[in-house]
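The structure appears below as structure tokens.
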Amino acid sequence: GELPNIKKLMSQGSYGYSVPVFPNHTPVNFAALLTGTLPKTNGVSDGPMHTPGQPLSHVSIGGFTSGARRVPTIWTYLEDQGQKVGILSTPGSTPPEIDQGFVIRGRWGNWGLDTYSVIFQSEDSKNKKTLKTQSPQILSQLPQLTEYVEYTDLKWPIEKRSEFAPKYTHFKAWGKDFYACFFDNNFDSVNSYTHVSLSFDLKTEFVTLAQGDWSDWKPITLDFNEVKISSHVKFHPIKIEGESFFRLRLLFDSLNQTQTFPQTLASNLVDQLGPMVDFVDHYPPQLIEYREDKKTFIEEQNMSFDWHTQAISYMIKELKADVIIHNIYNPNQMLTSKWWLGKVDPESHHFKKTPENEKSDSWADIKKMYQQIDAMIGEIIDHSGPETTIVISSDHGVSAINSLVHLNNLFAQKGWLKVKENPDGIIAVDWEKTTVLFLKMDGIYINPEGLAGNWKQGHSPQYKKLRDEVIDELKKLKTSDNKYPLNKIAKWEDVENVFDLPQDRVGDLIVANTLGFGWTEEITKDRHLFSNPKVSGYKQALLPTTSNSTWTPFIISGPGIKKNYFIKTPFSQIDQMPTVMKTLGYPLKNKIDGKALEIFE
């Protein structure tokens, strides 16, 4: 009775478990869901993909972009049938491939200005030091989501009433200047700042906040490729402590005219629904460092659910879409974060040492998240009729992660990977001297002559000898308690048969990890092979056929669908798209790998 709308769809339709495709990563799974094909057919093998003839020092093809796919998606088929298709926050949908419908964000498809949010933190915090002892992810090309700033001398516009001398700082985000003044107005003789005031121009301050407060949305104008972009920002002091520490979040509107098709749709959405919070936190996660981050996470997640729930009615009533494809990312963010899954999943090494009250509180938070999903589904049902088909699905589940495996540290120990270090202590790969390298999510790249220049998969006897040595080391790799992180391995020549991946978009070796272990690109000075992750959940490079925690729920209701019918045998994600097309009565013109489920009356 706590998820009544999900229960209603189950009673009115068919439901079961769907099995993702390897490497169990969002862009690969979405490509399978949207096309009804395996990765070896649709060409999407990962998020960051490397192709023969291109240097490994940059990503050749981004798996989240629509151009990465070699086959059409369901929205192309539907538009060919005259349907007006609306797409909201769906990976793989940008740049847009439709002409008559609309696209609202596409997530990570390198389309338009993606105004991710940023945390600014005081320079002298202890976390700053850890950055100099380890490398970032080698080729992820991810934005710097937490930046460290120093206090500066500023001429503040308004004198602050403070027990101790105020401190000032200046930072930039998206080309805009922001100024902050930290002060103490408690007058309790404790040398600790309590509030922050903010200004855009050092002429007027527009808000004063205490720790944990949120400002209203503030309109701002951003510059993008010499174009003025209208946007909004919220301010949130996550933590203000002592006389020097601060952690300040700038939450930017996820929506602007470069993120919608047609462009005019962005301003209409903001006018009707307010600025958009697409999903909580980001990747890599930032709200995992301090207890106050957990509170911020929940509050930001609530904003996201509120916006997405409102958007359902707007897309149906105002935009009048015939078909809506809508994704919400918050479940992934919560279940892969630090704060929850490890305390409720018995497979996590955190579970046994978690007090019962914390387990109960964590499960209550997770359940509330699912209830928010249920409320969204209720909104969909309320705007539906007897001829409406509704499909609930996901691209992957989440497993508990207990140990990170530093493959590049192993390769460095063996002398196969060489690094350079700049004066700040940041580590970088020496491509000319490196012969073996791991790149996410599952690829090992090998060349006995060095990995500089244009990489290609090898054939020579020297190459095969080195590759066999790498395989032997990976098979021997184990923890102090004799657990082996390697589950399965394949040479590039064999990946189509072993992993259903395309040969021309994988590394020299593809590796699947054992449940509880996760590969990382990170190189550390200590060269330790294993470390404790900050997060508690993951899914990448797990074999879905052996890791049922990554299976996903699937529910479909509509005309001609069996009612209250449980699909006993778990089925592949590639079967969902042809099932939906058969439900709608539309033909598939292209050959696909999946087949429609036997769920029809």
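Order determines the names: the first chain of the structure tokens is A, the second B, and so forth; residues in each chain are numbered 1 upward, and ligands are numbered 1 upward as they are shown.
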
Please identify every residue of region 221-336 of chain A that has at least one atom no farther than 12 Å from an atom of region 389-396 of chain A, counting only C-alpha atoms, and for each give the shortest atom pair and the distance in Å to one decimal, arranged by chain then increasing number, as a Markdown table.
```
| residue | atom | partner | partner_atom | distance |
| --- | --- | --- | --- | --- |
| A:Asp322 | CA | A:Thr389 | CA | 10.7 |
| A:Val323 | CA | A:Thr389 | CA | 9.3 |
| A:Ile324 | CA | A:Ile390 | CA | 9.7 |
| A:Ile325 | CA | A:Val391 | CA | 9.4 |
| A:His326 | CA | A:Ile392 | CA | 9.9 |
| A:Asn327 | CA | A:Ser394 | CA | 8.6 |
| A:Ile328 | CA | A:Ser394 | CA | 9.4 |
| A:Tyr329 | CA | A:Ser394 | CA | 9.7 |
| A:Asn330 | CA | A:Ser394 | CA | 11.7 |
| A:Pro331 | CA | A:Ser394 | CA | 9.8 |
| A:Asn332 | CA | A:His396 | CA | 8.6 |
| A:Leu335 | CA | A:His396 | CA | 11.4 |
| A:Thr336 | CA | A:His396 | CA | 11.7 |
```

Please return, as a count of residues only, all residues of region 370-505 of chain A that DSSP assigns to strand (DSSP E) on the basis of the backbone.
31

Considering only C-alpha atoms, return as a ChimeraX atom specification whatever protein or nucleic-acid residues lie within 9 Å of Pro448 (chain A), sequence-local ones (same chain, fewer than 3 positions apart) excluded.
/A:416,434-436,451,462-463,466

Please report as CSV every residue of region 489-592 of chain A lying within 12 Å of region 41-54 of chain A, along with the nearest atom pair and their distance in Å (one decimal), using only C-alpha atoms.
```
residue,atom,partner,partner_atom,distance
A:Trp492,CA,A:Pro52,CA,11.6
A:Val495,CA,A:Ser45,CA,10.6
A:Glu496,CA,A:Thr41,CA,9.6
A:Phe499,CA,A:Ser45,CA,9.9
A:Asp500,CA,A:Thr41,CA,8.4
A:Leu501,CA,A:Ser45,CA,6.0
A:Pro502,CA,A:Gly43,CA,6.0
A:Gln503,CA,A:Gly43,CA,9.3
A:Asp504,CA,A:Thr51,CA,6.1
A:Arg505,CA,A:Thr51,CA,5.2
A:Val506,CA,A:His50,CA,6.7
A:Gly507,CA,A:His50,CA,7.4
A:Asp508,CA,A:Pro52,CA,10.3
A:Ile510,CA,A:Ser45,CA,10.8
A:Gln540,CA,A:Asp46,CA,9.7
A:Ala541,CA,A:Asp46,CA,9.8
A:Ile574,CA,A:Asn42,CA,11.0
A:Asn590,CA,A:Thr41,CA,11.8
A:Lys591,CA,A:Thr41,CA,10.2
A:Ile592,CA,A:Thr41,CA,8.4
```

So that I can check the surroundings of Val277 (chain A), please list as a ChimeraX atom specification every protein, DNA and RNA residue that reaches within 8 Å of it, counting only C-alpha atoms and ignoring chain neighbours fewer than 6 positions away.
/A:252-254,300,303-304,307

DSSP on the backbone, helix (DSSP H, G or I) only: what residues of region 141-271 of chain A does that give? Format it as an mmCIF file with all heavy atoms, in the first residue's frame.
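After the write, states-v3.cif holds the following:
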```cif
data_model
loop_
_atom_site.group_PDB
_atom_site.id
_atom_site.type_symbol
_atom_site.label_atom_id
_atom_site.label_comp_id
_atom_site.auth_asym_id
_atom_site.auth_seq_id
_atom_site.Cartn_x
_atom_site.Cartn_y
_atom_site.Cartn_z
ATOM 1 N N GLN A 257 18.261 27.683 -23.531
ATOM 2 C CA GLN A 257 17.810 27.522 -24.919
ATOM 3 C C GLN A 257 18.708 26.608 -25.750
ATOM 4 O O GLN A 257 18.308 26.142 -26.815
ATOM 5 C CB GLN A 257 17.683 28.887 -25.614
ATOM 6 C CG GLN A 257 18.991 29.631 -25.835
ATOM 7 C CD GLN A 257 19.207 30.728 -24.830
ATOM 8 O OE1 GLN A 257 18.890 30.559 -23.653
ATOM 9 N NE2 GLN A 257 19.731 31.862 -25.288
ATOM 10 N N THR A 258 19.932 26.336 -25.259
ATOM 11 C CA THR A 258 20.801 25.406 -25.995
ATOM 12 C C THR A 258 20.534 23.955 -25.618
ATOM 13 O O THR A 258 21.139 23.048 -26.176
ATOM 14 C CB THR A 258 22.285 25.722 -25.736
ATOM 15 O OG1 THR A 258 22.630 25.354 -24.383
ATOM 16 C CG2 THR A 258 22.595 27.185 -25.952
ATOM 17 N N GLN A 259 19.619 23.739 -24.652
ATOM 18 C CA GLN A 259 19.358 22.396 -24.155
ATOM 19 C C GLN A 259 17.942 21.902 -24.494
ATOM 20 O O GLN A 259 17.479 20.908 -23.940
ATOM 21 C CB GLN A 259 19.538 22.371 -22.638
ATOM 22 C CG GLN A 259 20.977 22.514 -22.177
ATOM 23 C CD GLN A 259 21.670 21.167 -22.080
ATOM 24 O OE1 GLN A 259 21.262 20.287 -21.345
ATOM 25 N NE2 GLN A 259 22.731 21.005 -22.844
ATOM 26 N N LEU A 265 11.416 26.447 -26.458
ATOM 27 C CA LEU A 265 10.756 25.657 -25.422
ATOM 28 C C LEU A 265 11.346 25.937 -24.042
ATOM 29 O O LEU A 265 10.638 25.873 -23.033
ATOM 30 C CB LEU A 265 10.874 24.170 -25.765
ATOM 31 C CG LEU A 265 10.216 23.174 -24.817
ATOM 32 C CD1 LEU A 265 8.734 23.490 -24.640
ATOM 33 C CD2 LEU A 265 10.393 21.758 -25.355
ATOM 34 N N ALA A 266 12.638 26.254 -23.967
ATOM 35 C CA ALA A 266 13.299 26.436 -22.671
ATOM 36 C C ALA A 266 12.643 27.541 -21.857
ATOM 37 O O ALA A 266 12.318 27.350 -20.675
ATOM 38 C CB ALA A 266 14.780 26.724 -22.880
ATOM 39 N N SER A 267 12.443 28.705 -22.465
ATOM 40 C CA SER A 267 11.867 29.826 -21.714
ATOM 41 C C SER A 267 10.431 29.530 -21.301
ATOM 42 O O SER A 267 9.984 29.920 -20.213
ATOM 43 C CB SER A 267 11.928 31.110 -22.546
ATOM 44 O OG SER A 267 11.210 30.962 -23.759
ATOM 45 N N ASN A 268 9.663 28.820 -22.142
ATOM 46 C CA ASN A 268 8.295 28.461 -21.777
ATOM 47 C C ASN A 268 8.273 27.531 -20.564
ATOM 48 O O ASN A 268 7.446 27.685 -19.659
ATOM 49 C CB ASN A 268 7.595 27.773 -22.955
ATOM 50 C CG ASN A 268 7.387 28.699 -24.128
ATOM 51 O OD1 ASN A 268 7.356 29.913 -23.965
ATOM 52 N ND2 ASN A 268 7.248 28.136 -25.321
ATOM 53 N N LEU A 269 9.189 26.572 -20.549
ATOM 54 C CA LEU A 269 9.264 25.645 -19.423
ATOM 55 C C LEU A 269 9.617 26.365 -18.132
ATOM 56 O O LEU A 269 9.015 26.116 -17.082
ATOM 57 C CB LEU A 269 10.294 24.553 -19.713
ATOM 58 C CG LEU A 269 9.863 23.460 -20.690
ATOM 59 C CD1 LEU A 269 11.072 22.689 -21.192
ATOM 60 C CD2 LEU A 269 8.874 22.511 -20.025
ATOM 61 N N VAL A 270 10.605 27.257 -18.199
ATOM 62 C CA VAL A 270 11.022 27.982 -17.000
ATOM 63 C C VAL A 270 9.880 28.883 -16.512
ATOM 64 O O VAL A 270 9.631 28.990 -15.299
ATOM 65 C CB VAL A 270 12.308 28.792 -17.268
ATOM 66 C CG1 VAL A 270 12.640 29.690 -16.072
ATOM 67 C CG2 VAL A 270 13.484 27.850 -17.547
ATOM 68 N N ASP A 271 9.173 29.521 -17.449
ATOM 69 C CA ASP A 271 8.044 30.380 -17.059
ATOM 70 C C ASP A 271 6.959 29.582 -16.338
ATOM 71 O O ASP A 271 6.373 30.043 -15.358
ATOM 72 C CB ASP A 271 7.447 31.063 -18.289
ATOM 73 C CG ASP A 271 8.342 32.152 -18.850
ATOM 74 O OD1 ASP A 271 9.268 32.578 -18.131
ATOM 75 O OD2 ASP A 271 8.129 32.553 -20.004
#
```

Leaving out Thr94 (chain A) and any residue of its chain fewer than 4 positions from it, which residues lie within 6 Å of it when counting only C-alpha atoms, given as number ranges by chain?
A: 65-66, 106, 109

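With only C-alpha atoms as the atoms that count, the residue of A:Glu449, A:Glu226, A:Glu159, A:Asp345 with the shortest distance to Val398 (chain A) is A:Asp345.
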
So, counting only C-alpha atoms, which residue among A:Tyr151, A:Trp363, A:Tyr445, A:Phe120 is closest to Arg467 (chain A)?
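Of all the options, A:Tyr445 lies closest to Arg467 (chain A).
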
Nearby residues (only C-alpha atoms) at most 12 Å from Phe206 (chain A), same-chain spacing under 6 positions excluded, as a PyMOL selection string:
chain A and resi 157-158+178-181+196-200+215-219+234-235

Taking N, CA, C and O atoms for each residue, export the selection above as a PDB file, in the first residue's frame.
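Writing done, so here's again_20.pdb:
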```pdb
ATOM      1  N   PRO A 157      30.585  46.035  -0.129  1.00  0.00           N
ATOM      2  CA  PRO A 157      29.690  47.195  -0.273  1.00  0.00           C
ATOM      3  C   PRO A 157      29.033  47.648   1.028  1.00  0.00           C
ATOM      4  O   PRO A 157      28.743  48.825   1.193  1.00  0.00           O
ATOM      5  N   ILE A 158      28.803  46.701   1.941  1.00  0.00           N
ATOM      6  CA  ILE A 158      28.083  47.039   3.167  1.00  0.00           C
ATOM      7  C   ILE A 158      28.892  46.544   4.357  1.00  0.00           C
ATOM      8  O   ILE A 158      29.358  45.410   4.381  1.00  0.00           O
ATOM      9  N   PHE A 178      31.522  35.994  -8.642  1.00  0.00           N
ATOM     10  CA  PHE A 178      30.749  35.906  -7.415  1.00  0.00           C
ATOM     11  C   PHE A 178      31.654  36.323  -6.262  1.00  0.00           C
ATOM     12  O   PHE A 178      32.830  35.948  -6.205  1.00  0.00           O
ATOM     13  N   TYR A 179      31.106  37.088  -5.332  1.00  0.00           N
ATOM     14  CA  TYR A 179      31.853  37.561  -4.175  1.00  0.00           C
ATOM     15  C   TYR A 179      31.113  37.131  -2.920  1.00  0.00           C
ATOM     16  O   TYR A 179      29.881  37.196  -2.850  1.00  0.00           O
ATOM     17  N   ALA A 180      31.883  36.705  -1.918  1.00  0.00           N
ATOM     18  CA  ALA A 180      31.276  36.227  -0.680  1.00  0.00           C
ATOM     19  C   ALA A 180      31.963  36.851   0.526  1.00  0.00           C
ATOM     20  O   ALA A 180      33.177  37.066   0.525  1.00  0.00           O
ATOM     21  N   CYS A 181      31.161  37.136   1.529  1.00  0.00           N
ATOM     22  CA  CYS A 181      31.651  37.667   2.804  1.00  0.00           C
ATOM     23  C   CYS A 181      31.153  36.752   3.920  1.00  0.00           C
ATOM     24  O   CYS A 181      29.938  36.561   4.085  1.00  0.00           O
ATOM     25  N   VAL A 196      26.975  33.895   5.507  1.00  0.00           N
ATOM     26  CA  VAL A 196      27.675  34.369   4.316  1.00  0.00           C
ATOM     27  C   VAL A 196      26.730  35.297   3.553  1.00  0.00           C
ATOM     28  O   VAL A 196      25.530  35.026   3.423  1.00  0.00           O
ATOM     29  N   SER A 197      27.270  36.418   3.086  1.00  0.00           N
ATOM     30  CA  SER A 197      26.552  37.319   2.184  1.00  0.00           C
ATOM     31  C   SER A 197      27.191  37.232   0.809  1.00  0.00           C
ATOM     32  O   SER A 197      28.408  37.042   0.684  1.00  0.00           O
ATOM     33  N   LEU A 198      26.355  37.387  -0.225  1.00  0.00           N
ATOM     34  CA  LEU A 198      26.844  37.212  -1.590  1.00  0.00           C
ATOM     35  C   LEU A 198      26.514  38.423  -2.439  1.00  0.00           C
ATOM     36  O   LEU A 198      25.496  39.090  -2.240  1.00  0.00           O
ATOM     37  N   SER A 199      27.415  38.692  -3.391  1.00  0.00           N
ATOM     38  CA  SER A 199      27.255  39.817  -4.309  1.00  0.00           C
ATOM     39  C   SER A 199      27.750  39.406  -5.682  1.00  0.00           C
ATOM     40  O   SER A 199      28.679  38.607  -5.814  1.00  0.00           O
ATOM     41  N   PHE A 200      27.114  39.946  -6.720  1.00  0.00           N
ATOM     42  CA  PHE A 200      27.582  39.729  -8.085  1.00  0.00           C
ATOM     43  C   PHE A 200      28.631  40.758  -8.500  1.00  0.00           C
ATOM     44  O   PHE A 200      29.453  40.494  -9.377  1.00  0.00           O
ATOM     45  N   SER A 215      19.066  29.981  -1.001  1.00  0.00           N
ATOM     46  CA  SER A 215      18.534  31.234  -1.540  1.00  0.00           C
ATOM     47  C   SER A 215      17.398  30.929  -2.503  1.00  0.00           C
ATOM     48  O   SER A 215      17.180  29.779  -2.898  1.00  0.00           O
ATOM     49  N   ASP A 216      16.662  31.958  -2.904  1.00  0.00           N
ATOM     50  CA  ASP A 216      15.752  31.823  -4.033  1.00  0.00           C
ATOM     51  C   ASP A 216      16.572  31.717  -5.313  1.00  0.00           C
ATOM     52  O   ASP A 216      17.789  31.955  -5.324  1.00  0.00           O
ATOM     53  N   TRP A 217      15.911  31.384  -6.399  1.00  0.00           N
ATOM     54  CA  TRP A 217      16.590  31.400  -7.696  1.00  0.00           C
ATOM     55  C   TRP A 217      16.921  32.844  -8.069  1.00  0.00           C
ATOM     56  O   TRP A 217      16.064  33.719  -7.975  1.00  0.00           O
ATOM     57  N   LYS A 218      18.165  33.087  -8.488  1.00  0.00           N
ATOM     58  CA  LYS A 218      18.594  34.403  -8.922  1.00  0.00           C
ATOM     59  C   LYS A 218      18.861  34.378 -10.432  1.00  0.00           C
ATOM     60  O   LYS A 218      19.618  33.538 -10.916  1.00  0.00           O
ATOM     61  N   PRO A 219      18.229  35.268 -11.202  1.00  0.00           N
ATOM     62  CA  PRO A 219      18.486  35.287 -12.649  1.00  0.00           C
ATOM     63  C   PRO A 219      19.890  35.780 -12.949  1.00  0.00           C
ATOM     64  O   PRO A 219      20.387  36.717 -12.313  1.00  0.00           O
ATOM     65  N   LYS A 234      20.969  29.099  -7.620  1.00  0.00           N
ATOM     66  CA  LYS A 234      20.639  29.083  -6.198  1.00  0.00           C
ATOM     67  C   LYS A 234      21.945  28.965  -5.409  1.00  0.00           C
ATOM     68  O   LYS A 234      22.880  28.287  -5.849  1.00  0.00           O
ATOM     69  N   PHE A 235      21.976  29.563  -4.228  1.00  0.00           N
ATOM     70  CA  PHE A 235      23.150  29.488  -3.364  1.00  0.00           C
ATOM     71  C   PHE A 235      22.791  28.720  -2.098  1.00  0.00           C
ATOM     72  O   PHE A 235      21.698  28.865  -1.549  1.00  0.00           O
TER      73      PHE A 235
END
```

As a tab-separated table (two decimals) with N, CA and C atoms, in the first residue's frame, please: the residues near Gly342 (chain A) (cut-off 7 Å, only C-alpha atoms, same-chain neighbours under 5 positions excluded).
```
chain	number	residue	atom	x	y	z
A	348	SER	N	27.16	-5.39	1.44
A	348	SER	CA	28.14	-4.33	1.70
A	348	SER	C	28.91	-4.62	2.99
A	350	HIS	N	29.84	-2.45	4.92
A	350	HIS	CA	29.37	-1.49	5.92
A	350	HIS	C	28.17	-2.02	6.71
A	351	PHE	N	27.49	-3.01	6.17
A	351	PHE	CA	26.19	-3.41	6.71
A	351	PHE	C	26.29	-3.91	8.16
A	400	ALA	N	26.35	-3.36	-4.24
A	400	ALA	CA	27.25	-2.80	-3.22
A	400	ALA	C	28.69	-2.95	-3.68
A	536	SER	N	29.05	3.82	-2.07
A	536	SER	CA	28.65	2.49	-1.60
A	536	SER	C	28.00	1.63	-2.67
```

So, with only C-alpha atoms as the atoms that count, which of A:Leu34, A:Leu251, A:Leu319, A:Ile599 lies closest to Lys582 (chain A)?
A:Ile599

Using only C-alpha atoms, find the one residue out of A:Lys475, A:Lys414, A:Lys172, A:Arg161 that sits nearest to Asp184 (chain A).
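The answer is A:Arg161, which sits nearest to Asp184 (chain A).
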